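Input: a single structure, listed below in structure tokens.
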Amino acid sequence: MTEYAHYGVGAPVIDAKAPDGPIAERWDRRRFDAKLVNPANRRKHTVIVVGTGLAGGAAGATLAEQGYHVVQFCYQDSPRRAHSIAAQGGINAAKNYRNDGDSIHRLFYDTVKGGDFRARESNVHRLAQVSVEIIDQCVAQGVPFAREYGGLLDTRSFGGVQVSRTFYARGQTGQQLLLGAYQALTRQIAAGSVEMHPRTEMLDLIVIDGRARGIVARDLVTGEVSSYFADAVVLASGGYGNVFYLSTNAKNSNATAAWRAHRRGAYFANPCFTQIHPTCIPRSGDHQSKLTLMSESLRNDGRIWVPKAKGDTRPAARIPEDERDYYLERIYPAFGNLVPRDIASRAAKNVCDEGRGVGPGGQGVYLDFADAIARMGRKAVEEKYGNLFEMYERITAENPYEVPMRIYPAIHYTMGGLWVDYDLQTTVPGLFAIGEANFSDHGANRLGASALMQGLADGYFVLPATINDYLARHPHEPVDPGHPAVTEAVTDVTTRLRRLLDNDGDRTPDSFHRELGELLWDECGMARTDSGLRKALGRIPSLREEFWRRIKVPGTGEQLNQSLEKANRIVDYLELAELMCLDALHRTESCGGHFREESATPEGEAARKDEEFSYAAAWEFTGTGTAPVLHKEDLHFEYVHPTQRSYA
Amino acid sequence: MALATRTERPPSLIGTVWHSTVGKKAVMAVTGLIMLAYLVAHMMGNLKVFFGAGEFNHYGHWIRTVGEPFLHREWFLWAARVALSASVVLHGVAAFQLSRLDRAARPEKYRRKRHRASYATRTMRWGGVILALFIVWHILDLTTLTVNPNAQQGRPYENLVASFDRPAVTAFYIVAMLALGLHIRHGFWSAAQTLGANSARRDRALKFVANALAALLTCGFLAPPLGVLTGVVS
Amino acid sequence: MNLTLRIWRQTGPDSAGAMTTYEVTGISPDMSFLEMLDHLNEELILAGDEPVAFDHDCREGICGACGMVINGQAHGPERTTTCQLHMRHFEDGDTVDVEPWRASAFPVVKDLVVDRSAFDRIIGAGGYVSVPTGAAPDAHATPVPKPVADLAFEHAECIGCGACVAACPNGSAMLFTSAKVVHLNVLPQGAPERESRVLDMVGAMDDQSFGGCTNTGECATACPKGIPLSSIATMNREYLRATLKGGARR
């Protein structure tokens with residue numbers, strides 16, 4: 001096997017900022033112990049924020065409101081377009097407006113359990129505490145949440161929890177929350193407190209004397225590569241789901257900012273923890289450029305099935321009832337079509353692998369509403385799911401009222417990310433990571449409607465409280481633009497871009513991205529095996545070598561060059577993918593979004609190994625293609641005691 | 001250190017309105033509605049032509065004596081003339097300034113353009129120009145009588161008949177009235193929209209009223225020349 | 001299917017552009033319009049040409065990044081965003097014209113990419129509620145009647161794609177501006193800044209070389225999110241109300 005698989009194990013990584021004491025008091029205690037920056041001195045501090053999604057937008061606005069000088073970046077043409085905008089379902093908060101037994105402790109409990117006991121209790125409890133304030137903040141900003149006739153906020157239950165704590169704005173909750181944060185940010189931009197750089201992409205981190213002091217970024221319109229300096233750098237650059245090429249992420253969402261930070265010393269934690277969403281619209285052919293999610297709520301009334309026979313190509317209507325396999329109802333009679341995301345996803349993969357999948361390429365299963373229409377009437381189905389059915393029809397040209405929908409799982413969210421302590425600071429002092437970019441709160445699996453909660457919690461409330469401590473504790477001498485570390489970072493970036501442009505190859509960036517994505521999807525997707533992961537680990541270095549030999553990037557670097565942007569991101573994916581496979585290989589348990597076929601119960605369900613793997617795996621970069629060093633952060637559960645999941 | 005004198009005055013209401021596109025449109029809407037109200041009265045007056053020279057000329061005389069003895073002779077008429085002239089000028093200047101801005105905002109045309117807006121909407125500018133030219137001619141013809149072949153003060157009926165005995169004049173008049181109909185059709189609804197009186201619920205009703213007004217005024221104004229043409233009025 | 005595409009190519013903001021013809025073959029009816037352009041771009045790259053630049057991101061019709069004028073219609077023949085337009089709405093052998101949004105306020109950056117930052121400046125002038133983080137009362141402190149919340153939502157759906165400006169013969173941003181004004185002005189949370197918001201946003205809009213509104217309604221027919229034309233009437237009312245109340249820009 002490759003050398004890469006022989007990783008070293010370093011000293012455990014310890015969260016030095018985590019307060020102790022009763023869990024409900026820890027956040028207060030940390031906030032009290034943290035040093036503050038005198039309001040008059042705040043404008044002297046510059047903070048760089050990369051990304052303008054829920055976490056970044058909220059953080060930029062809040063830091064500027066506090067008086068800091070914020071310099072913010074996004075690759076989109078406007079901060080309003082960050083991919084948080086596409087979140088559909090809702091946002092959880094322990095408001096207990098329903099009086100249905102919800103509480104901060106219950107949200108904390110559900111999140112730790114949902115994360116399959118791979119998240120830090122302190123962080124999750126704080127998240128649940130802060131969730132309450134988020135809703136207040138967003139309502140005050142004018143976010144038009146769904147309301148009831150009495151004028152109060154409506155909530156619904158989501159993701160298999162037993163309380164109704166999800167606030168929503170039709171199917172566009174992410175859009176409405178993001179626009180709230182964007183508007184707050186824009187107010188600060190207009191006031192001159194935030195210096196906004198749209199269409200500017202971070203390509204490297206500047207670390208001086210062991211501390212993050214700035215970034216190197218490329219103006220995507222002029223191609224100019226510049227360095228920006230600050231007293232602290234905040235990465236809010238999102239997740240890395242696009243490493244799979246096909247995902248529900250936006251086309252330009254990427255891992256470069258986080259991966260460059262990793263290369264500069266920030267540990268990357270649990271990269272194999274990715275979430276696969278069971279109800280996406282299947283791909284229609286090789287041209288497919290991205291996947292579209294449909295709300296999970298469809299599984300409440302739709303029945304999932306495939307033909308019993310392999311290679312049955314008859315239209316759905318011609319397959320008689322007794323030749324259909326309602327496999328979720330058959331295997332999991334208690335939960336049926338409502339089994340958790342990972343189980344539904346894996347079951348769909350299994351039936352498709354057996355050759356019983358439907359639609360183009362056999363990569364799909366039916367989600368049938370015929371029974372629901374017969375039972376509730378077409379009108380009721382229309383009221384409940386009308387907009388989803390429309391969206392499905394627009395994309396597939398099939399009418400789901402008449403023919404069953406086809407669905408297939410797709411990469412949706414990444415729980416892994418940069419390792420951060422309780423203060424959301426990475427292992428590089430002065431470098432913070434918030435939102436999906438960090439690994440902190442969801443463990444091995446994220447509950448529905450919790451991503452928005454975490455992004456906004458980090459951005460509005462957590463980071464603005466913890467970053468003070470760092471800024472107050474250190475003197476921040478101005479950065480010398482001629483410092484060797486600055487020159488080195490700039491040279492690294494320009495050399496790499498030059499190399500991409502100068503290579504006279506014969507393959508497009510997308511062709512490499514697709515190939516890498518397919519490899520990862522097959523070997524590090526819904527179910528992983530030792531042999532598959534080793535195969536991927538063998539293939540990635542040769543793909544990387546082929547990339548540098550055959551990549552073709554037209555145009556110049558001194559202009560808007562979207563091929564160059566793509567190719568440059570793929571360079572990082574080719575390294576990240578390797579770490580994901582290694583992380584998956586080393587974790588020989590099944591856990592949350594990570595299912596290892598060798599670690600299953602006799603019934604074929606995921607078997608967690610708490611004695612061996614109750615830790616977060618934080619990886620230290622040692623060089624491209626050379627084995628990284630594993631630093632374990634042991635997890636302790638004082639309040640929620642690990643139990644094995646069972647849905648049979 | 002001397003105290004800084006506050007030189008900036010808060011902008012005046014008129015200034016704010018005139019210097020914004022929304023405000024200027026409101027000026028166009030209000031002046032347009034003033035002219036529209038006038039046109040309704042004007043059209044009703046015109047229709048008296050069908051009741052003979054006596055009644056029509058009496059009406060022409062009455063306009064000059066409205067408000068007597070409280071008002072002096074022709075005061076009402078002149079007040080109306082001033083208000084209407086101001087409306088025409090404001091409406092025209094605002095339209096001209098906004099059109100220049102609009103053209104500057106879209107300097108390049110699409111290679112292939114599919115119009116979704118109605119004909120009336122797309123002809124507002126040229127229709128407006130035709131109407132402006134018409135107003136000038138119309139005043140010279142039937143108010144100052146400068147270009148009227150009959151040109152008898154106090155004999156509007158005879159002047160009118162004489163004017164419409166010229167086919168070219170009648171043709172121009174008909175074109176102008178069709179332009180007027182189209183202008184009102186979009187203009188009335190547009191004024192409601194500009195003044196914020198429109199809403200999703202009222203939209204259809206407003207469009208209906210706009211169409212009705214356009215049809216009524218066009219027909220009403222076309223009746224006298226057609227009457228002359230067909231010999232009903234002579 | 002095969003298509004003849006005539007696409008606006010322009011190398012940079014200051015260079016002249018021109019329509020360039022491409023024959024594209026092997027198009028699947030299930031492709032989205034952007035996937036069809038991806039398909040063309042792959043071929044262009046391999047042929048050593050520069051691919052067509054266009055803005056896009058989420059490809060599910062919500063981020064508002066994509067947008068091009070297809071056969072004279074913003075976002076093309078269907079009422080949706082370009083990323084959600086599928087090739088099955090075209091016929092084999094069609095000639096399709098593809099142009100960028102055209103408006104003085106949206107200068108072309110490259111090919112089909114335009115600069116829409118003027119929209120951000122309009123929002124920055126007042127398209128927000130001034131509530132610093134942490135200053136909010138409990139979410140249930142102010143009930144909002146459901147019809148009001150629904151009205152606000154209907155206007156808050158705007159994705160800022162710019163199709164309204166592109167479709168307007170005057171390059172006017174009235175629909176975009178009014179959507180945000182109405183969203184915030186109808187809510188009790190937006191009430192304290194009701195007058196200054198509309199005056200400032202209309203002022204900022206006028207400052208950005210957008211044209212005025214001639215009520216052609218082209219914007220609302222092009223809007224992929226169905227922002228209603230009545231939104232503009234409401235903004236006009238808010239503006240006149242604020243002016244008559246003696247409000248002033250901040």
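By order in the structure tokens, chains are A, B, ...; within a chain, residues start at 1; ligands start at 1, following the order shown.
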Please report, as CSV, each residue of chain C lying at most 6 Å from chain A, together with the nearest pair of atoms and the separation in Å rounded to one decimal; use only C-alpha atoms, and order rows by chain and ascending residue number.
```
residue,atom,partner,partner_atom,distance
C:Glu50,CA,A:Pro554,CA,5.6
C:Asp57,CA,A:Lys251,CA,4.9
C:Cys58,CA,A:Ala250,CA,3.9
C:Cys63,CA,A:Arg81,CA,4.9
C:Gly124,CA,A:Thr186,CA,4.9
C:Tyr128,CA,A:Gln183,CA,5.1
C:Val129,CA,A:Gln141,CA,5.3
C:Thr133,CA,A:Thr62,CA,6.0
C:Ala136,CA,A:Gln137,CA,5.2
C:Asp138,CA,A:Asp136,CA,5.2
C:Ala139,CA,A:Asp136,CA,4.3
C:Pro143,CA,A:Gly151,CA,4.5
C:Val144,CA,A:Gly151,CA,4.4
C:Pro145,CA,A:Gly151,CA,4.3
C:Lys146,CA,A:Tyr149,CA,5.2
C:Ala149,CA,A:Pro144,CA,5.7
C:Phe153,CA,A:Pro144,CA,5.3
C:Gln189,CA,A:Ala140,CA,5.8
```
Let me see the file: selected residues, N, CA and C atoms, as a PDB file, in the first residue's frame.
```pdb
ATOM      1  N   GLU C  50     -10.866  30.398 -25.807  1.00  0.00           N
ATOM      2  CA  GLU C  50     -11.318  30.741 -24.462  1.00  0.00           C
ATOM      3  C   GLU C  50     -12.787  30.393 -24.315  1.00  0.00           C
ATOM      4  N   ASP C  57     -23.896  30.008 -10.075  1.00  0.00           N
ATOM      5  CA  ASP C  57     -23.378  29.401  -8.856  1.00  0.00           C
ATOM      6  C   ASP C  57     -24.265  28.274  -8.356  1.00  0.00           C
ATOM      7  N   CYS C  58     -25.414  28.591  -7.780  1.00  0.00           N
ATOM      8  CA  CYS C  58     -26.175  27.518  -7.131  1.00  0.00           C
ATOM      9  C   CYS C  58     -26.803  26.559  -8.145  1.00  0.00           C
ATOM     10  N   CYS C  63     -29.735  31.666  -6.101  1.00  0.00           N
ATOM     11  CA  CYS C  63     -28.653  32.597  -5.746  1.00  0.00           C
ATOM     12  C   CYS C  63     -28.699  33.875  -6.567  1.00  0.00           C
ATOM     13  N   GLY C 124     -27.503  48.989   0.380  1.00  0.00           N
ATOM     14  CA  GLY C 124     -26.693  49.662   1.406  1.00  0.00           C
ATOM     15  C   GLY C 124     -27.250  51.016   1.810  1.00  0.00           C
ATOM     16  N   TYR C 128     -32.398  47.655   4.884  1.00  0.00           N
ATOM     17  CA  TYR C 128     -32.121  46.858   6.087  1.00  0.00           C
ATOM     18  C   TYR C 128     -32.923  47.433   7.239  1.00  0.00           C
ATOM     19  N   VAL C 129     -32.918  46.701   8.345  1.00  0.00           N
ATOM     20  CA  VAL C 129     -33.449  47.238   9.601  1.00  0.00           C
ATOM     21  C   VAL C 129     -32.231  47.451  10.485  1.00  0.00           C
ATOM     22  N   THR C 133     -26.527  43.222  16.290  1.00  0.00           N
ATOM     23  CA  THR C 133     -26.649  41.907  16.896  1.00  0.00           C
ATOM     24  C   THR C 133     -26.744  42.029  18.420  1.00  0.00           C
ATOM     25  N   ALA C 136     -31.988  42.647  19.835  1.00  0.00           N
ATOM     26  CA  ALA C 136     -33.357  42.297  19.459  1.00  0.00           C
ATOM     27  C   ALA C 136     -34.212  41.928  20.661  1.00  0.00           C
ATOM     28  N   ASP C 138     -37.585  39.788  22.227  1.00  0.00           N
ATOM     29  CA  ASP C 138     -38.036  38.425  21.952  1.00  0.00           C
ATOM     30  C   ASP C 138     -38.838  38.394  20.651  1.00  0.00           C
ATOM     31  N   ALA C 139     -38.665  37.292  19.916  1.00  0.00           N
ATOM     32  CA  ALA C 139     -39.277  37.186  18.596  1.00  0.00           C
ATOM     33  C   ALA C 139     -40.790  37.345  18.648  1.00  0.00           C
ATOM     34  N   PRO C 143     -46.307  40.638  17.434  1.00  0.00           N
ATOM     35  CA  PRO C 143     -46.961  39.741  16.473  1.00  0.00           C
ATOM     36  C   PRO C 143     -47.105  40.445  15.122  1.00  0.00           C
ATOM     37  N   VAL C 144     -46.988  39.678  14.072  1.00  0.00           N
ATOM     38  CA  VAL C 144     -47.167  40.223  12.726  1.00  0.00           C
ATOM     39  C   VAL C 144     -48.310  39.457  12.081  1.00  0.00           C
ATOM     40  N   PRO C 145     -49.377  40.144  11.698  1.00  0.00           N
ATOM     41  CA  PRO C 145     -50.497  39.411  11.086  1.00  0.00           C
ATOM     42  C   PRO C 145     -50.020  38.576   9.897  1.00  0.00           C
ATOM     43  N   LYS C 146     -50.579  37.405   9.765  1.00  0.00           N
ATOM     44  CA  LYS C 146     -50.131  36.493   8.710  1.00  0.00           C
ATOM     45  C   LYS C 146     -50.165  37.120   7.311  1.00  0.00           C
ATOM     46  N   ALA C 149     -47.127  39.231   6.969  1.00  0.00           N
ATOM     47  CA  ALA C 149     -45.914  38.412   6.854  1.00  0.00           C
ATOM     48  C   ALA C 149     -45.834  37.792   5.465  1.00  0.00           C
ATOM     49  N   PHE C 153     -42.998  38.403   2.683  1.00  0.00           N
ATOM     50  CA  PHE C 153     -42.259  37.269   2.115  1.00  0.00           C
ATOM     51  C   PHE C 153     -42.279  37.299   0.593  1.00  0.00           C
ATOM     52  N   GLN C 189     -41.297  45.698  12.150  1.00  0.00           N
ATOM     53  CA  GLN C 189     -39.878  45.849  12.447  1.00  0.00           C
ATOM     54  C   GLN C 189     -39.235  46.922  11.569  1.00  0.00           C
TER      55      GLN C 189
END
```
Spatial neighbours of stretch 188-203 of chain B, max dist 9 Å, only C-alpha atoms, sep filter under 5 positions, as a compact mmCIF listing (two decimals) with N, CA and C atoms, in the first residue's frame:
```txt
# COMPACT_ATOMS: atom_id res chain seq x y z
N VAL B 22 -38.85 59.09 -9.37
CA VAL B 22 -40.19 58.77 -8.88
C VAL B 22 -41.01 60.05 -8.72
N GLY B 23 -40.39 61.09 -8.18
CA GLY B 23 -41.08 62.37 -7.98
C GLY B 23 -41.46 63.00 -9.31
N LYS B 25 -42.00 61.53 -12.08
CA LYS B 25 -43.12 60.77 -12.64
C LYS B 25 -44.42 61.18 -11.96
N ALA B 26 -44.34 61.47 -10.67
CA ALA B 26 -45.56 61.89 -9.96
C ALA B 26 -46.04 63.22 -10.54
N MET B 28 -45.63 64.16 -13.59
CA MET B 28 -46.26 63.80 -14.87
C MET B 28 -47.66 63.22 -14.64
N ALA B 29 -47.79 62.43 -13.60
CA ALA B 29 -49.09 61.80 -13.32
C ALA B 29 -50.12 62.85 -12.96
N VAL B 30 -49.75 63.78 -12.07
CA VAL B 30 -50.71 64.79 -11.61
C VAL B 30 -51.08 65.70 -12.78
N GLY B 32 -50.88 65.05 -15.89
CA GLY B 32 -51.62 64.24 -16.85
C GLY B 32 -53.08 64.13 -16.45
N LEU B 33 -53.32 63.93 -15.16
CA LEU B 33 -54.70 63.79 -14.70
C LEU B 33 -55.44 65.12 -14.81
N LEU B 36 -56.36 65.37 -18.31
CA LEU B 36 -57.40 64.39 -18.61
C LEU B 36 -58.77 64.91 -18.18
N HIS B 183 -52.51 57.21 -25.68
CA HIS B 183 -51.78 57.88 -24.60
C HIS B 183 -52.56 57.76 -23.28
N PHE B 208 -59.52 48.72 -16.79
CA PHE B 208 -60.81 48.85 -17.44
C PHE B 208 -61.19 50.32 -17.57
N VAL B 209 -61.02 51.07 -16.48
CA VAL B 209 -61.36 52.50 -16.52
C VAL B 209 -60.49 53.21 -17.55
N ALA B 210 -59.19 52.84 -17.60
CA ALA B 210 -58.28 53.47 -18.55
C ALA B 210 -58.76 53.21 -19.98
N ASN B 211 -59.13 51.98 -20.26
CA ASN B 211 -59.61 51.65 -21.61
C ASN B 211 -60.91 52.38 -21.92
N LEU B 213 -62.01 55.19 -20.61
CA LEU B 213 -61.75 56.62 -20.80
C LEU B 213 -61.13 56.87 -22.18
N ALA B 214 -60.20 56.01 -22.54
CA ALA B 214 -59.53 56.17 -23.83
C ALA B 214 -60.55 56.07 -24.96
N CYS C 213 -38.97 54.71 -14.43
CA CYS C 213 -40.01 53.72 -14.72
C CYS C 213 -41.04 54.33 -15.65
N THR C 214 -41.34 53.66 -16.75
CA THR C 214 -42.44 54.12 -17.59
C THR C 214 -43.58 53.12 -17.54
N ASN C 215 -43.61 52.34 -16.50
CA ASN C 215 -44.72 51.42 -16.27
C ASN C 215 -45.01 50.52 -17.47
N THR C 216 -43.96 50.02 -18.08
CA THR C 216 -44.17 49.11 -19.21
C THR C 216 -44.51 47.71 -18.72
N PRO C 228 -44.56 41.12 -8.00
CA PRO C 228 -45.64 41.73 -8.76
C PRO C 228 -45.37 43.20 -9.09
N LEU C 229 -45.98 43.65 -10.18
CA LEU C 229 -45.82 45.04 -10.59
C LEU C 229 -46.40 46.00 -9.55
N SER C 230 -47.38 45.52 -8.79
CA SER C 230 -47.99 46.38 -7.77
C SER C 230 -46.96 46.81 -6.73
N SER C 231 -45.88 46.05 -6.66
CA SER C 231 -44.79 46.41 -5.75
C SER C 231 -44.28 47.82 -6.05
N ILE C 232 -44.19 48.15 -7.33
CA ILE C 232 -43.71 49.48 -7.72
C ILE C 232 -44.71 50.55 -7.29
N ALA C 233 -46.00 50.25 -7.46
CA ALA C 233 -47.02 51.22 -7.03
C ALA C 233 -46.90 51.48 -5.53
N THR C 234 -46.68 50.40 -4.79
CA THR C 234 -46.57 50.56 -3.34
C THR C 234 -45.35 51.41 -2.99
N MET C 235 -44.25 51.17 -3.68
CA MET C 235 -43.06 51.98 -3.39
C MET C 235 -43.32 53.45 -3.74
N ASN C 236 -44.00 53.69 -4.86
CA ASN C 236 -44.31 55.07 -5.22
C ASN C 236 -45.13 55.74 -4.12
N ARG C 237 -46.10 54.98 -3.61
CA ARG C 237 -46.93 55.52 -2.53
C ARG C 237 -46.09 55.82 -1.30
N GLU C 238 -45.23 54.88 -0.96
CA GLU C 238 -44.35 55.08 0.20
C GLU C 238 -43.48 56.32 -0.01
N TYR C 239 -43.01 56.48 -1.23
CA TYR C 239 -42.11 57.61 -1.53
C TYR C 239 -42.86 58.93 -1.39
N LEU C 240 -44.05 58.99 -1.99
CA LEU C 240 -44.81 60.25 -1.92
C LEU C 240 -45.23 60.54 -0.49
```
Counting only C-alpha atoms, which residues of chain C fall within 7 Å of chain B, and what is the closest atom pair for each with its distance in Å at one decimal, ordered by chain and rising number, as a Markdown table?
```
| residue | atom | partner | partner_atom | distance |
| --- | --- | --- | --- | --- |
| C:Asn71 | CA | B:Arg112 | CA | 5.8 |
| C:Gly72 | CA | B:Lys113 | CA | 4.1 |
| C:Gln73 | CA | B:Arg114 | CA | 6.3 |
| C:Arg102 | CA | B:Glu108 | CA | 6.5 |
| C:Ala103 | CA | B:Arg106 | CA | 4.8 |
| C:Ser104 | CA | B:Ala105 | CA | 4.9 |
| C:Ala105 | CA | B:Ala105 | CA | 6.9 |
| C:Pro169 | CA | B:Arg106 | CA | 6.8 |
| C:Asn170 | CA | B:Asp102 | CA | 4.5 |
| C:Gly171 | CA | B:Ala105 | CA | 5.3 |
| C:Gly203 | CA | B:Ser20 | CA | 6.8 |
| C:Asp206 | CA | B:Ser20 | CA | 6.7 |
| C:Ser209 | CA | B:Ala105 | CA | 6.0 |
| C:Phe210 | CA | B:Ala105 | CA | 5.4 |
| C:Gly211 | CA | B:Asp102 | CA | 4.2 |
| C:Gly212 | CA | B:Thr21 | CA | 5.5 |
| C:Asn215 | CA | B:Ser190 | CA | 5.9 |
| C:Thr216 | CA | B:Ala117 | CA | 5.6 |
| C:Gly217 | CA | B:Ala117 | CA | 6.4 |
| C:Glu218 | CA | B:Ala117 | CA | 6.1 |
| C:Ser230 | CA | B:Ser199 | CA | 5.0 |
| C:Ala233 | CA | B:Gly196 | CA | 4.3 |
| C:Thr234 | CA | B:Gly196 | CA | 5.4 |
| C:Asn236 | CA | B:Gly196 | CA | 5.1 |
| C:Arg237 | CA | B:Gly196 | CA | 4.1 |
| C:Thr243 | CA | B:Leu13 | CA | 6.7 |
```
TODO: Taking the chain letters and numbering used in this document, name the residues of stretch 316-520 of chain A that DSSP puts in strand (DSSP E), as a ChimeraX atom specification.
DONE: /A:324-325,365-368,405-414,417-418,431-433
Mind writing the picked residues with C-alpha atoms as a compact mmCIF listing (two decimals), in the first residue's frame?
```txt
# COMPACT_ATOMS: atom_id res chain seq x y z
CA ARG A 324 -42.56 -3.90 -6.69
CA ASP A 325 -40.19 -3.88 -3.75
CA VAL A 365 -35.40 4.81 -7.03
CA TYR A 366 -39.09 5.68 -7.19
CA LEU A 367 -40.74 7.97 -4.71
CA ASP A 368 -44.37 7.29 -5.41
CA MET A 405 -40.69 10.77 -8.86
CA ARG A 406 -37.21 9.40 -9.18
CA ILE A 407 -34.76 10.21 -6.42
CA TYR A 408 -31.19 9.37 -5.60
CA PRO A 409 -28.85 10.34 -2.77
CA ALA A 410 -26.36 13.17 -3.18
CA ILE A 411 -23.59 14.82 -1.21
CA HIS A 412 -25.14 17.63 0.73
CA TYR A 413 -23.06 18.77 3.70
CA THR A 414 -19.67 18.15 5.26
CA GLY A 417 -13.63 20.82 8.58
CA LEU A 418 -10.88 22.82 10.21
CA LEU A 431 -7.02 31.95 12.53
CA PHE A 432 -10.66 31.25 13.27
CA ALA A 433 -13.06 29.00 11.37
```
Open item on the list: I'd like to know which residues of stretch 107-322 of chain A are helix (DSSP H, G or I) (by DSSP, run on the backbone); could you write them as JSON, numbers by chain?
Closed with: {"A": [107, 108, 109, 110, 111, 112, 113, 114, 121, 122, 123, 124, 125, 126, 127, 128, 129, 130, 131, 132, 133, 134, 135, 136, 137, 138, 139, 140, 173, 174, 175, 176, 177, 178, 179, 180, 181, 182, 183, 184, 185, 186, 187, 188, 189, 190, 241, 242, 243, 244, 256, 257, 258, 259, 260, 261, 262, 263, 296, 297, 298, 299, 300, 316, 317, 318, 321, 322]}
Can you list every residue of stretch 403-432 of chain A that has an atom at most 12 Å from stretch 619-637 of chain A, with its nearest atom pair and the distance in Å to one decimal, using only C-alpha atoms, ordered by chain then number, as a Markdown table?
```
| residue | atom | partner | partner_atom | distance |
| --- | --- | --- | --- | --- |
| A:Gly416 | CA | A:Trp619 | CA | 11.2 |
| A:Gly417 | CA | A:Trp619 | CA | 10.3 |
| A:Leu418 | CA | A:Trp619 | CA | 9.2 |
| A:Trp419 | CA | A:Trp619 | CA | 8.6 |
| A:Val420 | CA | A:Glu633 | CA | 10.8 |
| A:Asp421 | CA | A:Glu633 | CA | 10.3 |
| A:Thr426 | CA | A:Glu620 | CA | 11.7 |
| A:Thr427 | CA | A:Glu620 | CA | 9.6 |
| A:Val428 | CA | A:Glu620 | CA | 11.3 |
```
Would you mind exporting C-alpha atoms of the selected residues as a tab-separated table (two decimals), in the first residue's frame?
```
chain	number	residue	atom	x	y	z
A	416	GLY	CA	-15.69	17.68	8.92
A	417	GLY	CA	-13.63	20.82	8.58
A	418	LEU	CA	-10.88	22.82	10.21
A	419	TRP	CA	-10.32	21.78	13.80
A	420	VAL	CA	-11.27	24.57	16.21
A	421	ASP	CA	-11.24	24.95	19.96
A	426	THR	CA	-7.86	26.76	14.73
A	427	THR	CA	-4.46	25.41	15.62
A	428	VAL	CA	-2.95	28.49	13.98
```
Leaving out A:Arg120 and any residue of its chain fewer than 3 positions from it, which residues lie within 10 Å of it when counting only C-alpha atoms, given as a PDB file with C-alpha atoms, in the first residue's frame?
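Contents of around_15.pdb, freshly written:
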```pdb
ATOM      1  CA  ALA A  18     -13.051  24.742  27.062  1.00  0.00           C
ATOM      2  CA  VAL A 112     -25.243  15.167  20.342  1.00  0.00           C
ATOM      3  CA  GLY A 115     -24.210  13.460  15.662  1.00  0.00           C
ATOM      4  CA  PHE A 117     -21.573  10.927  19.740  1.00  0.00           C
ATOM      5  CA  ASN A 123     -19.918  23.300  21.933  1.00  0.00           C
ATOM      6  CA  VAL A 124     -23.249  21.684  21.248  1.00  0.00           C
ATOM      7  CA  HIS A 125     -24.744  22.994  24.457  1.00  0.00           C
ATOM      8  CA  ASP A 421     -11.237  24.953  19.959  1.00  0.00           C
ATOM      9  CA  TYR A 422     -14.149  26.217  22.032  1.00  0.00           C
ATOM     10  CA  SER A 440     -17.259  21.617  15.653  1.00  0.00           C
ATOM     11  CA  ASP A 441     -20.888  20.945  16.357  1.00  0.00           C
ATOM     12  CA  HIS A 442     -22.430  18.182  14.286  1.00  0.00           C
ATOM     13  CA  GLY A 443     -20.156  15.278  15.061  1.00  0.00           C
ATOM     14  CA  TYR A 615     -12.332  11.031  19.357  1.00  0.00           C
ATOM     15  CA  ALA A 616     -12.140  13.714  16.726  1.00  0.00           C
ATOM     16  CA  GLU A 633      -9.008  14.920  20.548  1.00  0.00           C
ATOM     17  CA  ASP A 634     -10.685  12.622  23.011  1.00  0.00           C
ATOM     18  CA  LEU A 635     -14.375  13.175  23.497  1.00  0.00           C
ATOM     19  CA  HIS A 636     -16.017  12.894  26.894  1.00  0.00           C
ATOM     20  CA  PHE A 637     -19.713  12.511  27.436  1.00  0.00           C
TER      21      PHE A 637
END
```
TODO: Write out as a PyMOL selection string the residues lying within 9 Å of C:Phe119, counting only C-alpha atoms and excluding same-chain residues fewer than 3 positions away.
DONE: (chain A and resi 78) or (chain C and resi 116+122-124+160+162+173+176-177+205+208)
Selected residues written out with C-alpha atoms, as a CSV table (one decimal), in the first residue's frame:
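This went into part_31.csv:
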```csv
chain,number,residue,atom,x,y,z
A,78,SER,CA,-22.2,40.1,-4.4
C,116,ARG,CA,-24.4,44.3,-10.7
C,122,ILE,CA,-29.1,50.4,-3.3
C,123,ILE,CA,-29.5,47.9,-0.5
C,124,GLY,CA,-26.7,49.7,1.4
C,160,GLY,CA,-31.3,40.2,-7.2
C,162,GLY,CA,-31.2,41.8,-12.5
C,173,ALA,CA,-34.3,49.2,-11.2
C,176,PHE,CA,-35.7,45.4,-7.5
C,177,THR,CA,-35.8,48.5,-5.3
C,205,MET,CA,-31.2,54.0,-7.3
C,208,GLN,CA,-26.6,54.6,-10.1
```
